[in-house]
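Heads up, the thing below is written out as structure tokens.
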Amino acid sequence: MLFGFFVLSLGFFLEVGKCTAVQPELRITTIKQEPYTMSKGSQLEGFCMDLLSEVAKKLGFKYKVHLVKDSSYGRQDENGNWNGMIGEVTRGEADLALAPLTLTAAREKAVGMTKPFMQTGISILLRKDISEGAGLFDFLTPFTTETWVGVLIAYLGTAACIFVASRLSPCEWSEPQSEQNRFSLLHSLWYTAAALTLQGAGPHPRALSVRVICCSWWVFTVVILACYFSNLSSSKSSESTHLMVKGFEDLANQDMIEYGCLSGSSTLAFFKNSDNPVYRRIHEHMERTKSFVSSMDEGVQRAKEGNFAFIGESVSLDLAVARHCELVRAHEVIGMRGYSIAAPLGSPIIKNLSVAILQLSEAGELAYLQSKWWASSCIADKAKTAALQPHSLKGMFLVLSLGLVLGTLLAVLELSSRSRKSAAVQRKSYCTVLTEEIRLRFRSNTVNTPQEAVDKDKEKA
């Protein structure tokens, strides 16, 4: 009985010792790459360091980070040996490898990989000035379709108001029976269109009412032209967003721009192992021209110098675009894959790390970290010039509308004043005289001038 009590006591103390034992410090290997891991004095910072801190809090482990000795991610040689961070994990020199480490089948065979903490793909990085030729109707891009329709309606409405006001106003057309109206419908359209070129076309109106309408149109025209040329200039300066190389097929079908990727990277392996004929041609071209780069920084620098397209991970290229305002990434992204944390095969921590990553993703922490470290320094350049919307010019449309209404009302008042005077002289009712005036002014504008009457008399003789 005493023996049994001794065994139970020994087991209890061993269990307590196991629970209170300090967990060993995990050795983390990483590689310097902005913004994943960067030096800040004697410390390291970046996306991966923040991610490691969050994961360590959730799983409750301590860690020590060191940089990989050969500055490589991990590549298998002909003998099956791995270098870089993958090699350190397989040789037991590190417990975890945390970096933008692409999850591939070959790496999955050598080490254990967690659920991806970031999704990426393969894309193309170029200078912005590598652009396609201007389109046939690019001169219409400063305004949206709705704005152009609004300008057209304003033009037709102004011409119609000039035509109506010039016929109503006795100051503009005093003797409709013997005078030719200078502002026919065609001349009103011509006069309004001429104002758009800032040239003007005579004859100019005499009546106050027609002048109010014309002045409103002139102010509207000046503002519209200023907005148009301002937006046209901005759109031309940013037209490089229309890339001549929109995707990998365009890249493979041209020979003006050199292109390459990171030597020994998973990007190169993707093109090498692909059965797609376009991707095979890209790989053969890179192998033939030896256009590989030794580092991400070298690829970005060559792209900045021009006439070179750097092929790489889309997430890394997005960072380069955010840091270097003269660069742009092509829209096409292929070969979607993820970045994962590597651990030795069979390590029990892989499952816990995957769960922690999923929890951080569901809580929005991963998205927050990415927005934190991928913030652009090209704020002004990021704001793409947009076509001018109708609501941006609603003030000028309102001013023009008020001018047209005011000018037309003034023409009506001028005619009304003259009709009152005529009614008093002719001893007729005001409404009768006004109706006759309006009917006379809107009849066919063909009138017999004195010269035309003489010509007709000669023909009859």
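Simple scheme: letters A, B, ... for chains in structure tokens order, numbers from 1 for residues in each chain, numbers from 1 for ligands in the order shown.
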Worksheet entry | Shell around stretch 206-217 of chain A at 9 Å using only C-alpha atoms, local window under 5 positions removed, as a ChimeraX atom specification | /A:154-155,158,161-163,165-166,169-173,192,195,222,399-412,414
Discussion item. Need to verify the contact set: stretch 351-364 of chain A, 6 Å, only C-alpha atoms, exclusion of same-chain residues closer than 3 positions in sequence. Can you return it as a list in words?
Written reply: Thr114, Lys115 and Ala367 of chain A
Residue selection dump (N, CA and C atoms) as a compact mmCIF listing (two decimals), in the first residue's frame:
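Heads up, here's the output in selection-v7.txt:
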# COMPACT_ATOMS: atom_id res chain seq x y z
N THR A 114 1.86 25.19 -43.57
CA THR A 114 0.58 25.57 -42.96
C THR A 114 -0.39 26.07 -44.04
N LYS A 115 -1.60 26.40 -43.59
CA LYS A 115 -2.54 27.08 -44.47
C LYS A 115 -1.93 28.43 -44.90
N ALA A 367 -5.78 41.14 -43.13
CA ALA A 367 -6.07 42.25 -44.05
C ALA A 367 -5.55 43.57 -43.51
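Nearest residue to A:Ser347, choosing from A:Met49, A:Met113, A:Leu140, A:Leu152 and counting only C-alpha atoms: A:Met113.
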Worksheet item: Which residue, A:Met256, A:Ala193, A:Leu126, A:Leu345, has the smallest gap to A:Val321 when you use only C-alpha atoms?
Response: A:Leu126
Discussion item. Between A:Ser184, A:Ala342, A:Pro35, A:Asn79, which residue has the minimum interatomic distance to A:Lys109, considering only C-alpha atoms?
Written reply: A:Ala342
Worksheet entry | Pick from A:Leu125, A:Glu179, A:Trp190, A:Ser274 nearest to A:Gly260, counting only C-alpha atoms |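 The closest residue to A:Gly260 is A:Leu125.
Residue nearest A:Asn81 within the list A:Leu156, A:Arg329, A:Ala110, A:Ser188: A:Ala110 [criterion: smallest interatomic distance, only C-alpha atoms].
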Worksheet item: Got a sec: who's within 10 Å of A:Glu437, counting only C-alpha atoms, leaving out chain neighbours fewer than 6 positions off, as a ChimeraX atom specification?
Response: /A:168,170,176,415-416,418-419,431
Discussion item. I need the residue nearest A:Tyr36 from this list: A:Phe397, A:Trp374, A:Phe442, A:Phe270. Use only C-alpha atoms for the distance.
Written reply: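 So, comparing all the options, the nearest one is A:Trp374.
For the atom pair formed by atom CA of A:Tyr279 and atom CA of A:Thr120, the distance is 18.0 Å, given to one decimal.
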Item to complete: Provide the atom CA of A:Arg420 to atom CA of A:Leu185 distance in Å, to one decimal place.
Response: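 Between atom CA of A:Arg420 and atom CA of A:Leu185 the gap is 27.8 Å.
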Shell around A:Leu196 at 9 Å using only C-alpha atoms, local window under 5 positions removed, as a PDB file with all heavy atoms, in the first residue's frame:
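For reference, out.pdb as written:
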ATOM      1  N   TRP A 218     -22.016  81.870 -73.280  1.00  0.00           N
ATOM      2  CA  TRP A 218     -20.575  82.123 -73.326  1.00  0.00           C
ATOM      3  C   TRP A 218     -19.891  81.701 -72.026  1.00  0.00           C
ATOM      4  O   TRP A 218     -18.825  81.096 -72.038  1.00  0.00           O
ATOM      5  CB  TRP A 218     -20.316  83.604 -73.607  1.00  0.00           C
ATOM      6  CG  TRP A 218     -20.719  84.049 -74.980  1.00  0.00           C
ATOM      7  CD1 TRP A 218     -20.927  83.247 -76.070  1.00  0.00           C
ATOM      8  CD2 TRP A 218     -20.998  85.387 -75.409  1.00  0.00           C
ATOM      9  NE1 TRP A 218     -21.314  83.986 -77.154  1.00  0.00           N
ATOM     10  CE2 TRP A 218     -21.357  85.304 -76.783  1.00  0.00           C
ATOM     11  CE3 TRP A 218     -20.972  86.622 -74.786  1.00  0.00           C
ATOM     12  CZ2 TRP A 218     -21.691  86.436 -77.527  1.00  0.00           C
ATOM     13  CZ3 TRP A 218     -21.293  87.752 -75.527  1.00  0.00           C
ATOM     14  CH2 TRP A 218     -21.652  87.667 -76.883  1.00  0.00           C
ATOM     15  N   THR A 221     -19.769  78.018 -71.910  1.00  0.00           N
ATOM     16  CA  THR A 221     -18.785  77.511 -72.866  1.00  0.00           C
ATOM     17  C   THR A 221     -17.368  77.617 -72.311  1.00  0.00           C
ATOM     18  O   THR A 221     -16.564  76.680 -72.443  1.00  0.00           O
ATOM     19  CB  THR A 221     -18.884  78.300 -74.182  1.00  0.00           C
ATOM     20  OG1 THR A 221     -20.170  78.084 -74.755  1.00  0.00           O
ATOM     21  CG2 THR A 221     -17.816  77.856 -75.156  1.00  0.00           C
ATOM     22  N   VAL A 222     -17.044  78.755 -71.690  1.00  0.00           N
ATOM     23  CA  VAL A 222     -15.694  78.946 -71.143  1.00  0.00           C
ATOM     24  C   VAL A 222     -15.389  77.895 -70.075  1.00  0.00           C
ATOM     25  O   VAL A 222     -14.306  77.293 -70.057  1.00  0.00           O
ATOM     26  CB  VAL A 222     -15.547  80.374 -70.574  1.00  0.00           C
ATOM     27  CG1 VAL A 222     -14.261  80.487 -69.768  1.00  0.00           C
ATOM     28  CG2 VAL A 222     -15.563  81.401 -71.691  1.00  0.00           C
ATOM     29  N   ILE A 224     -16.884  74.918 -69.645  1.00  0.00           N
ATOM     30  CA  ILE A 224     -16.853  73.586 -70.258  1.00  0.00           C
ATOM     31  C   ILE A 224     -15.506  73.346 -70.948  1.00  0.00           C
ATOM     32  O   ILE A 224     -14.885  72.288 -70.803  1.00  0.00           O
ATOM     33  CB  ILE A 224     -18.008  73.429 -71.268  1.00  0.00           C
ATOM     34  CG1 ILE A 224     -19.332  73.221 -70.521  1.00  0.00           C
ATOM     35  CG2 ILE A 224     -17.762  72.260 -72.210  1.00  0.00           C
ATOM     36  CD1 ILE A 224     -19.446  71.902 -69.801  1.00  0.00           C
ATOM     37  N   LEU A 225     -15.036  74.327 -71.711  1.00  0.00           N
ATOM     38  CA  LEU A 225     -13.754  74.168 -72.409  1.00  0.00           C
ATOM     39  C   LEU A 225     -12.590  74.056 -71.428  1.00  0.00           C
ATOM     40  O   LEU A 225     -11.656  73.274 -71.644  1.00  0.00           O
ATOM     41  CB  LEU A 225     -13.532  75.345 -73.355  1.00  0.00           C
ATOM     42  CG  LEU A 225     -14.449  75.410 -74.584  1.00  0.00           C
ATOM     43  CD1 LEU A 225     -14.187  76.667 -75.388  1.00  0.00           C
ATOM     44  CD2 LEU A 225     -14.266  74.172 -75.460  1.00  0.00           C
TER      45      LEU A 225
END
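The set of residues in stretch 226-413 of chain A assigned to strand (DSSP E) by DSSP, using only backbone atoms of this structure, is Glu258, Tyr259, Gly260, Cys261, Phe308, Ala309, Phe310, Ile311, Gly312, Glu313, Leu327, Val328, Arg329, Ile334, Gly335, Met336, Arg337, Gly338, Tyr339, Ala342 and Ala343 of chain A.
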Worksheet entry | Within 9 Å of stretch 368-371 of chain A using only C-alpha atoms, minus same-chain residues under 5 positions, as a PyMOL selection string | chain A and resi 47+50-51+118
Item to complete: Provide the atom CA of A:Ile257 to atom CA of A:Asn307 distance in Å, to one decimal place.
Response: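 Taking atom CA of A:Ile257 and atom CA of A:Asn307, their separation equals 5.0 Å.
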